>>> print(open('run24.cif').read())   # mmCIF, C-alpha atoms
data_model
loop_
_atom_site.label_atom_id
_atom_site.label_comp_id
_atom_site.auth_asym_id
_atom_site.auth_seq_id
_atom_site.Cartn_x
_atom_site.Cartn_y
_atom_site.Cartn_z
CA MET A 1 2.14 17.48 14.12
CA PHE A 2 0.50 14.29 15.49
CA GLU A 3 -2.11 14.46 12.72
CA LYS A 4 0.50 14.95 9.98
CA VAL A 5 2.41 11.86 11.19
CA PHE A 6 -0.60 9.56 11.42
CA ASN A 7 -2.97 11.10 8.87
CA PRO A 8 -1.04 13.04 6.21
CA PHE A 9 -3.84 12.19 3.75
CA LYS A 10 -5.88 15.09 5.08
CA TYR A 11 -3.35 17.23 3.23
CA VAL A 12 -1.86 14.93 0.54
CA ALA A 13 -3.70 12.57 -1.79
CA GLY A 14 -4.17 11.85 -5.49
CA MET A 15 -1.25 12.08 -7.96
CA ARG A 16 1.13 13.73 -5.48
CA SER A 17 0.78 10.92 -2.94
CA LEU A 18 0.99 8.31 -5.72
CA ILE A 19 4.33 9.63 -7.06
CA LEU A 20 5.77 10.03 -3.54
CA GLY A 21 4.47 6.62 -2.47
CA LEU A 22 5.80 4.78 -5.53
CA ALA A 23 9.22 6.41 -4.99
CA PHE A 24 9.20 5.19 -1.37
CA ILE A 25 8.17 1.65 -2.43
CA LEU A 26 11.03 1.57 -4.97
CA ALA A 27 13.50 2.85 -2.36
CA THR A 28 12.20 0.25 0.15
CA SER A 29 12.69 -2.51 -2.44
CA ILE A 30 16.27 -1.44 -3.21
CA LEU A 31 17.20 -1.10 0.47
CA GLY A 32 15.38 -4.37 1.24
CA TYR A 33 17.43 -6.17 -1.42
CA PHE A 34 20.75 -4.94 0.01
CA SER A 35 19.72 -5.49 3.65
CA GLN A 36 18.09 -8.87 2.81
CA THR A 37 14.78 -7.70 4.25
CA TYR A 38 11.85 -9.28 2.49
CA PHE A 39 8.16 -8.32 2.68
CA PRO A 40 6.16 -11.46 1.75
CA ASP A 41 2.75 -9.81 2.25
CA VAL A 42 1.13 -6.54 3.19
CA ILE A 43 2.61 -6.33 6.74
CA SER A 44 4.95 -9.33 7.25
CA VAL A 45 8.73 -8.93 7.30
CA LYS A 46 11.46 -11.57 6.91
CA ILE A 47 15.05 -10.76 7.81
CA GLY A 48 17.95 -12.57 6.15
CA ALA A 49 15.96 -13.62 3.08
CA ASP A 50 18.09 -14.15 -0.01
CA ARG A 51 15.92 -12.96 -2.90
CA SER A 52 16.78 -11.49 -6.30
CA PHE A 53 16.66 -7.76 -6.96
CA PHE A 54 13.61 -8.06 -9.25
CA ASN A 55 11.86 -10.35 -6.81
CA SER A 56 12.22 -7.67 -4.12
CA ILE A 57 10.81 -4.98 -6.43
CA ILE A 58 7.92 -7.10 -7.79
CA GLN A 59 6.88 -8.31 -4.31
CA ASN A 60 6.77 -4.79 -2.84
CA PHE A 61 4.79 -3.33 -5.73
CA LEU A 62 2.48 -6.34 -5.69
CA ASN A 63 1.84 -5.85 -1.95
CA TRP A 64 0.72 -2.29 -2.66
CA PHE A 65 -1.27 -3.19 -5.79
CA VAL A 66 -3.26 -6.08 -4.28
CA VAL A 67 -4.25 -4.27 -1.08
CA SER A 68 -5.14 -1.08 -3.02
CA THR A 69 -7.29 -3.05 -5.49
CA LEU A 70 -9.18 -4.68 -2.60
CA PHE A 71 -9.65 -1.31 -0.85
CA TYR A 72 -10.93 0.13 -4.12
CA LEU A 73 -13.46 -2.70 -4.55
CA ALA A 74 -14.60 -2.28 -0.92
CA SER A 75 -14.99 1.48 -1.48
CA ILE A 76 -17.11 0.99 -4.61
CA ILE A 77 -19.39 -1.43 -2.75
CA LEU A 78 -19.69 0.44 0.57
CA SER A 79 -19.15 4.15 0.00
CA LYS A 80 -21.83 6.62 -1.09
CA SER A 81 -19.18 9.17 -2.13
CA LYS A 82 -17.66 9.54 -5.58
CA ILE A 83 -14.41 7.65 -5.04
CA ARG A 84 -11.33 8.40 -7.16
CA ILE A 85 -9.13 5.39 -7.89
CA ILE A 86 -6.01 7.60 -7.77
CA ASP A 87 -6.81 8.58 -4.16
CA ILE A 88 -7.08 4.94 -3.05
CA PHE A 89 -3.89 3.82 -4.86
CA GLY A 90 -2.01 7.05 -4.07
CA THR A 91 -2.73 7.16 -0.35
CA GLN A 92 -2.06 3.42 0.06
CA ALA A 93 1.31 3.85 -1.68
CA LEU A 94 2.26 6.68 0.66
CA ALA A 95 1.02 4.69 3.68
CA ARG A 96 3.84 2.17 3.05
CA PHE A 97 6.43 4.85 3.90
CA PRO A 98 7.34 3.41 7.39
CA TYR A 99 8.61 0.21 5.73
CA LEU A 100 11.44 2.24 4.22
CA PHE A 101 12.86 2.35 7.78
CA MET A 102 11.95 -1.32 8.25
CA ALA A 103 14.21 -2.18 5.29
CA LEU A 104 17.07 -0.44 7.13
CA THR A 105 16.71 -2.69 10.22
CA GLY A 106 17.92 -5.64 8.10
CA PHE A 107 21.41 -4.10 7.82
CA SER A 108 21.99 -5.08 11.43
CA GLU A 109 22.73 -8.81 11.61
CA SER A 110 21.77 -8.98 15.30
CA MET A 111 18.07 -9.82 14.69
CA ASP A 112 18.92 -12.69 12.32
CA ALA A 113 21.62 -13.95 14.71
CA PHE A 114 19.25 -13.68 17.70
CA GLY A 115 16.57 -15.64 15.81
CA ASN A 116 19.05 -18.39 14.92
CA HIS A 117 20.31 -18.39 18.53
CA LEU A 118 16.76 -18.90 19.87
CA LEU A 119 16.11 -21.70 17.37
CA TRP A 120 19.30 -23.48 18.37
CA LYS A 121 18.91 -22.94 22.11
CA TYR A 122 15.21 -23.73 22.62
CA LEU A 123 14.27 -25.87 19.60
CA GLN A 124 17.68 -27.52 19.00
CA SER A 125 17.40 -26.56 15.34
CA GLY A 126 20.32 -25.52 13.08
CA GLU A 127 23.97 -24.81 13.83
CA PRO A 128 25.05 -23.69 17.35
CA VAL A 129 24.93 -19.88 17.53
CA GLU A 130 26.33 -17.90 20.47
CA ILE A 131 25.60 -14.16 20.67
CA SER A 132 26.84 -11.41 22.98
CA MET A 133 24.66 -9.38 25.38
CA ILE A 134 25.11 -6.31 23.16
CA GLN A 135 23.73 -8.27 20.20
CA LYS A 136 20.77 -9.43 22.31
CA VAL A 137 19.95 -5.87 23.42
CA MET A 138 20.37 -4.63 19.86
CA ALA A 139 18.09 -7.38 18.47
CA ILE A 140 15.34 -6.74 21.07
CA SER A 141 15.54 -2.98 20.45
CA LEU A 142 15.22 -3.51 16.68
CA MET A 143 12.26 -5.86 17.21
CA PHE A 144 10.58 -3.15 19.27
CA VAL A 145 11.27 -0.54 16.56
CA SER A 146 9.96 -2.96 13.90
CA ALA A 147 6.74 -3.46 15.87
CA LEU A 148 6.28 0.32 16.15
CA LEU A 149 6.89 0.75 12.40
CA THR A 150 4.29 -1.94 11.64
CA VAL A 151 1.72 -0.24 13.91
CA TRP A 152 2.51 3.12 12.27
CA MET A 153 2.01 1.66 8.78
CA VAL A 154 -1.30 -0.03 9.72
CA ILE A 155 -2.58 3.27 11.19
CA LEU A 156 -1.54 5.06 7.98
CA MET A 157 -3.28 2.43 5.82
CA TYR A 158 -6.43 2.75 7.93
CA ASN A 159 -6.48 6.54 7.68
CA ALA A 160 -5.69 6.38 3.94
CA PHE A 161 -8.74 4.15 3.44
CA LYS A 162 -10.89 6.31 5.72
CA VAL A 163 -10.08 9.55 3.87
CA SER A 164 -10.09 8.23 0.30
CA ALA A 165 -13.27 6.13 0.69
CA ASN A 166 -15.16 8.43 3.11
CA LEU A 167 -16.31 5.56 5.30
CA LYS A 168 -17.05 5.79 9.03
CA GLY A 169 -17.95 3.62 12.02
CA PRO A 170 -18.29 -0.17 11.98
CA LYS A 171 -18.51 -0.23 8.16
CA LEU A 172 -15.00 1.25 7.95
CA ILE A 173 -13.53 -1.03 10.64
CA TRP A 174 -14.96 -4.26 9.23
CA ALA A 175 -14.08 -3.38 5.64
CA PHE A 176 -10.50 -2.58 6.72
CA ILE A 177 -10.07 -5.83 8.68
CA THR A 178 -11.59 -7.91 5.85
CA VAL A 179 -9.36 -6.32 3.19
CA MET A 180 -6.22 -6.76 5.32
CA ILE A 181 -6.95 -10.46 5.94
CA LEU A 182 -7.91 -11.09 2.29
CA SER A 183 -4.81 -9.33 0.99
CA MET A 184 -2.56 -11.36 3.32
CA VAL A 185 -4.14 -14.61 2.11
CA ILE A 186 -3.85 -13.61 -1.57
CA LEU A 187 -0.30 -12.26 -1.27
CA SER A 188 1.06 -15.19 0.75
CA ASN A 189 -0.24 -17.49 -2.00
CA ILE A 190 1.22 -15.36 -4.80
CA SER A 191 4.56 -15.08 -2.92
CA LYS A 192 5.04 -18.85 -3.21
CA TYR A 193 5.33 -18.47 -6.99
CA LEU A 194 7.60 -15.44 -6.80
CA ILE A 195 10.74 -17.12 -5.41
CA PHE A 196 13.51 -16.43 -7.93
CA MET B 1 -20.50 44.02 16.74
CA ASN B 2 -21.39 41.12 14.48
CA LYS B 3 -23.99 39.22 16.51
CA LYS B 4 -24.43 35.49 15.97
CA LEU B 5 -27.96 34.39 15.00
CA PRO B 6 -29.13 31.90 17.66
CA ILE B 7 -30.76 28.84 16.08
CA ILE B 8 -31.15 26.54 19.10
CA CYS B 9 -33.15 27.34 22.22
CA PRO B 10 -30.67 27.72 25.14
CA SER B 11 -33.35 26.47 27.54
CA CYS B 12 -34.64 23.24 25.93
CA SER B 13 -32.29 22.82 22.88
CA THR B 14 -35.18 22.81 20.37
CA ASP B 15 -34.77 24.57 17.00
CA LEU B 16 -35.85 28.20 17.24
CA LYS B 17 -38.49 29.74 14.92
CA VAL B 18 -38.90 33.34 13.70
CA LYS B 19 -41.76 35.15 15.48
CA SER B 20 -41.34 38.67 14.14
CA LEU B 21 -39.52 40.57 11.40
CA TYR B 22 -38.83 44.28 11.58
CA CYS B 23 -38.17 46.91 8.88
CA ASP B 24 -35.97 49.65 10.35
CA SER B 25 -36.66 51.87 7.32
CA CYS B 26 -40.44 52.27 7.81
CA ASP B 27 -40.77 50.88 11.35
CA THR B 28 -43.02 48.00 10.27
CA THR B 29 -43.15 44.80 12.31
CA ILE B 30 -44.50 41.55 10.87
CA SER B 31 -45.53 38.95 13.39
CA GLY B 32 -46.22 35.30 12.77
CA GLN B 33 -44.46 31.96 12.95
CA PHE B 34 -41.80 31.20 10.34
CA ASN B 35 -39.24 28.39 10.08
CA LEU B 36 -35.63 29.44 9.63
CA PRO B 37 -34.35 28.66 6.12
CA VAL B 38 -32.20 25.50 5.95
CA LEU B 39 -28.97 27.43 5.25
CA LEU B 40 -29.46 29.61 8.35
CA ARG B 41 -29.82 26.48 10.47
CA LEU B 42 -26.28 25.40 9.62
CA GLU B 43 -23.29 26.10 11.85
CA LYS B 44 -20.96 28.96 10.94
CA LYS B 45 -18.18 26.65 9.70
CA ASP B 46 -20.65 24.92 7.36
CA LEU B 47 -21.90 28.24 6.01
CA ASP B 48 -18.30 29.37 5.46
CA PHE B 49 -17.65 26.15 3.54
CA ILE B 50 -20.67 26.79 1.29
CA LEU B 51 -19.53 30.39 0.63
CA ASP B 52 -15.98 29.22 -0.17
CA PHE B 53 -17.40 26.54 -2.46
CA ILE B 54 -19.40 29.13 -4.41
CA ARG B 55 -16.40 31.50 -4.57
CA CYS B 56 -14.36 28.62 -6.07
CA SER B 57 -17.04 28.16 -8.79
CA GLY B 58 -17.99 24.83 -7.26
CA SER B 59 -14.57 23.34 -7.96
CA LEU B 60 -13.39 20.99 -5.20
CA LYS B 61 -9.88 20.97 -6.70
CA ILE B 62 -9.54 24.77 -6.43
CA MET B 63 -11.06 24.68 -2.97
CA ALA B 64 -8.66 21.96 -1.82
CA SER B 65 -5.65 23.98 -2.94
CA LYS B 66 -7.10 27.16 -1.36
CA LEU B 67 -7.67 25.43 2.00
CA ASN B 68 -4.36 23.47 1.77
CA LEU B 69 -6.28 20.21 2.14
CA SER B 70 -6.36 17.11 -0.06
CA TYR B 71 -9.13 16.61 -2.62
CA PRO B 72 -10.80 13.65 -0.80
CA THR B 73 -10.79 15.60 2.49
CA VAL B 74 -12.72 18.47 0.88
CA ARG B 75 -15.03 16.04 -0.93
CA ASN B 76 -15.74 14.31 2.40
CA MET B 77 -16.56 17.70 3.98
CA LEU B 78 -19.00 18.38 1.15
CA ASP B 79 -20.57 14.91 1.46
CA ASP B 80 -21.00 15.41 5.23
CA LEU B 81 -22.66 18.76 4.55
CA ILE B 82 -25.02 17.22 1.98
CA HIS B 83 -25.95 14.58 4.58
CA LYS B 84 -26.54 17.34 7.16
CA LEU B 85 -28.78 19.29 4.74
CA GLU B 86 -30.78 16.14 3.99
CA SER B 87 -31.30 15.56 7.72
CA LEU B 88 -32.43 19.20 8.21
CA ASP B 89 -34.85 18.87 5.28
CA GLN B 90 -36.39 15.79 6.89
CA ASP B 91 -36.78 17.60 10.23
CA VAL B 92 -38.96 20.37 8.69
#
>>> encode(input="run24.cif", output="structure tokens")
Amino acid sequence: MFEKVFNPFKYVAGMRSLILGLAFILATSILGYFSQTYFPDVISVKIGADRSFFNSIIQNFLNWFVVSTLFYLASIILSKSKIRIIDIFGTQALARFPYLFMALTGFSESMDAFGNHLLWKYLQSGEPVEISMIQKVMAISLMFVSALLTVWMVILMYNAFKVSANLKGPKLIWAFITVMILSMVILSNISKYLIF
Amino acid sequence: MNKKLPIICPSCSTDLKVKSLYCDSCDTTISGQFNLPVLLRLEKKDLDFILDFIRCSGSLKIMASKLNLSYPTVRNMLDDLIHKLESLDQDV
């Protein structure tokens, strides 16, 4: 059970994971648009972002495409195995599954309200915002859930890379960290031109 | 009873060698010092993998569906086995 939650790629990869993963990314984009949850790079999340429907779709697919391309390049350079591109792209698409739930967290306005409340109270920025204790508890709980979902997705991405590229040890860890940082830099720069 | 062929010395953990071979048809015993073939020095799970691989005509795709595992998982198992065989070859 534990293995299937954190490393489903032992059992699913290739075309099957690609189709499933792309369906989840599309569903995440649609939910994200309606809940105003925006994913500016491979792991970041912004709540209350007012973006167009196509912007939401393009950004989510771009997040997957850029990180998968970098993982594929790293695999070609570092792995001695015969790597299949469909395994890299397929498993990385499926690894983004937890962000489907992340897109749901945006439907609750408590996190956005709590953020605005903190900005007003401690940084004297924006309009005065008062929130109830229930909203505070709700916002903190959702932040905790969001953190868990992010950790879950990173673990899935790591295992997807490990299985599809057949890398082990320090080579795997350093390649993963480098690709994640590079993809965040590339995507945050591309995101600036995607605001429409 | 299907007895397991010991390949490691239980006393000092060194690879075991064959000292004698016996023919139970004509009661002949051959003595000497022979290395175990590389395949016999593999663990049972590795030998089972090789047998399954041959039964699947060397197709990793068929093997993956037979074992209910993904293609890259089976390919990684094969790559690990190739690496193990290379190490055993170097040890001889």
>>> atom_distance(input="run24.cif", atom1="CA of Ile47 (chain A)", atom2="CA of Gly106 (chain A)")
5.9 Å
>>> closest_atom_pairs(input="run24.cif", of="chain A", to="chain B", cutoff="12 Å", atoms="all atoms listed in the file", output="CSV")
residue,atom,partner,partner_atom,distance
A:Lys4,CA,B:Leu69,CA,11.6
A:Asn7,CA,B:Thr73,CA,11.1
A:Pro8,CA,B:Ser70,CA,9.2
A:Phe9,CA,B:Ser70,CA,6.7
A:Lys10,CA,B:Ser70,CA,5.5
A:Tyr11,CA,B:Leu69,CA,4.3
A:Val12,CA,B:Ser70,CA,5.0
A:Ala13,CA,B:Ser70,CA,5.5
A:Gly14,CA,B:Tyr71,CA,7.4
A:Met15,CA,B:Tyr71,CA,10.5
A:Arg16,CA,B:Ser70,CA,9.8
A:Ser17,CA,B:Ser70,CA,9.9
A:Ser79,CA,B:Asp79,CA,11.0
A:Lys80,CA,B:Asp79,CA,8.8
A:Ser81,CA,B:Asp79,CA,6.9
A:Lys82,CA,B:Arg75,CA,8.4
A:Ile83,CA,B:Pro72,CA,8.2
A:Arg84,CA,B:Pro72,CA,8.3
A:Ile85,CA,B:Pro72,CA,11.0
A:Ile86,CA,B:Pro72,CA,10.4
A:Asp87,CA,B:Pro72,CA,7.3
A:Ile88,CA,B:Pro72,CA,9.7
A:Gly90,CA,B:Pro72,CA,11.5
A:Thr91,CA,B:Pro72,CA,10.4
A:Asn159,CA,B:Thr73,CA,11.3
A:Ala160,CA,B:Pro72,CA,10.1
A:Phe161,CA,B:Pro72,CA,10.6
A:Lys162,CA,B:Pro72,CA,9.8
A:Val163,CA,B:Thr73,CA,6.2
A:Ser164,CA,B:Pro72,CA,5.6
A:Ala165,CA,B:Pro72,CA,8.1
A:Asn166,CA,B:Asn76,CA,6.0
A:Leu167,CA,B:Asn76,CA,9.2
A:Lys168,CA,B:Asn76,CA,10.9
>>> axis_aligned_box(input="run24.cif", around="region 102-113 of chain A", padding_each_side="8 Å", output="AutoDock Vina command-line options")
--center_x 17.3 --center_y -7.2 --center_z 10.3 --size_x 26.8 --size_y 29.5 --size_z 26.0
>>> resolve_selection(input="run24.cif", expression="the PyMOL selection byres ((chain A and resi 152) around 12)", output="PDB file with C-alpha atoms, in the coordinates of the input")
ATOM      1  CA  PHE A   2       0.500  14.290  15.490  1.00  0.00           C
ATOM      2  CA  VAL A   5       2.410  11.860  11.190  1.00  0.00           C
ATOM      3  CA  PHE A   6      -0.600   9.560  11.420  1.00  0.00           C
ATOM      4  CA  ASN A   7      -2.970  11.100   8.870  1.00  0.00           C
ATOM      5  CA  ILE A  43       2.610  -6.330   6.740  1.00  0.00           C
ATOM      6  CA  ALA A  95       1.020   4.690   3.680  1.00  0.00           C
ATOM      7  CA  ARG A  96       3.840   2.170   3.050  1.00  0.00           C
ATOM      8  CA  PHE A  97       6.430   4.850   3.900  1.00  0.00           C
ATOM      9  CA  PRO A  98       7.340   3.410   7.390  1.00  0.00           C
ATOM     10  CA  TYR A  99       8.610   0.210   5.730  1.00  0.00           C
ATOM     11  CA  PHE A 101      12.860   2.350   7.780  1.00  0.00           C
ATOM     12  CA  MET A 102      11.950  -1.320   8.250  1.00  0.00           C
ATOM     13  CA  VAL A 145      11.270  -0.540  16.560  1.00  0.00           C
ATOM     14  CA  SER A 146       9.960  -2.960  13.900  1.00  0.00           C
ATOM     15  CA  ALA A 147       6.740  -3.460  15.870  1.00  0.00           C
ATOM     16  CA  LEU A 148       6.280   0.320  16.150  1.00  0.00           C
ATOM     17  CA  LEU A 149       6.890   0.750  12.400  1.00  0.00           C
ATOM     18  CA  THR A 150       4.290  -1.940  11.640  1.00  0.00           C
ATOM     19  CA  VAL A 151       1.720  -0.240  13.910  1.00  0.00           C
ATOM     20  CA  MET A 153       2.010   1.660   8.780  1.00  0.00           C
ATOM     21  CA  VAL A 154      -1.300  -0.030   9.720  1.00  0.00           C
ATOM     22  CA  ILE A 155      -2.580   3.270  11.190  1.00  0.00           C
ATOM     23  CA  LEU A 156      -1.540   5.060   7.980  1.00  0.00           C
ATOM     24  CA  MET A 157      -3.280   2.430   5.820  1.00  0.00           C
ATOM     25  CA  TYR A 158      -6.430   2.750   7.930  1.00  0.00           C
ATOM     26  CA  ASN A 159      -6.480   6.540   7.680  1.00  0.00           C
TER      27      ASN A 159
END
>>> resolve_selection(input="run24.cif", expression="the PyMOL selection byres ((chain A and resi 29) around 10)", output="PyMOL selection string")
chain A and resi 23-28+30-39+53-61+99-100+103
>>> resolve_selection(input="run24.cif", expression="the PyMOL selection byres ((chain B and resi 36) around 12)", output="PyMOL selection string")
chain B and resi 5-8+15-21+33-35+37-42+88-89+91-92
>>> residues_around(input="run24.cif", residues="region 139-141 of chain A", least_positions_apart="5", cutoff="12 Å", atoms="only C-alpha atoms", output="number ranges by chain")
A: 47, 105-118, 131-134, 146-148
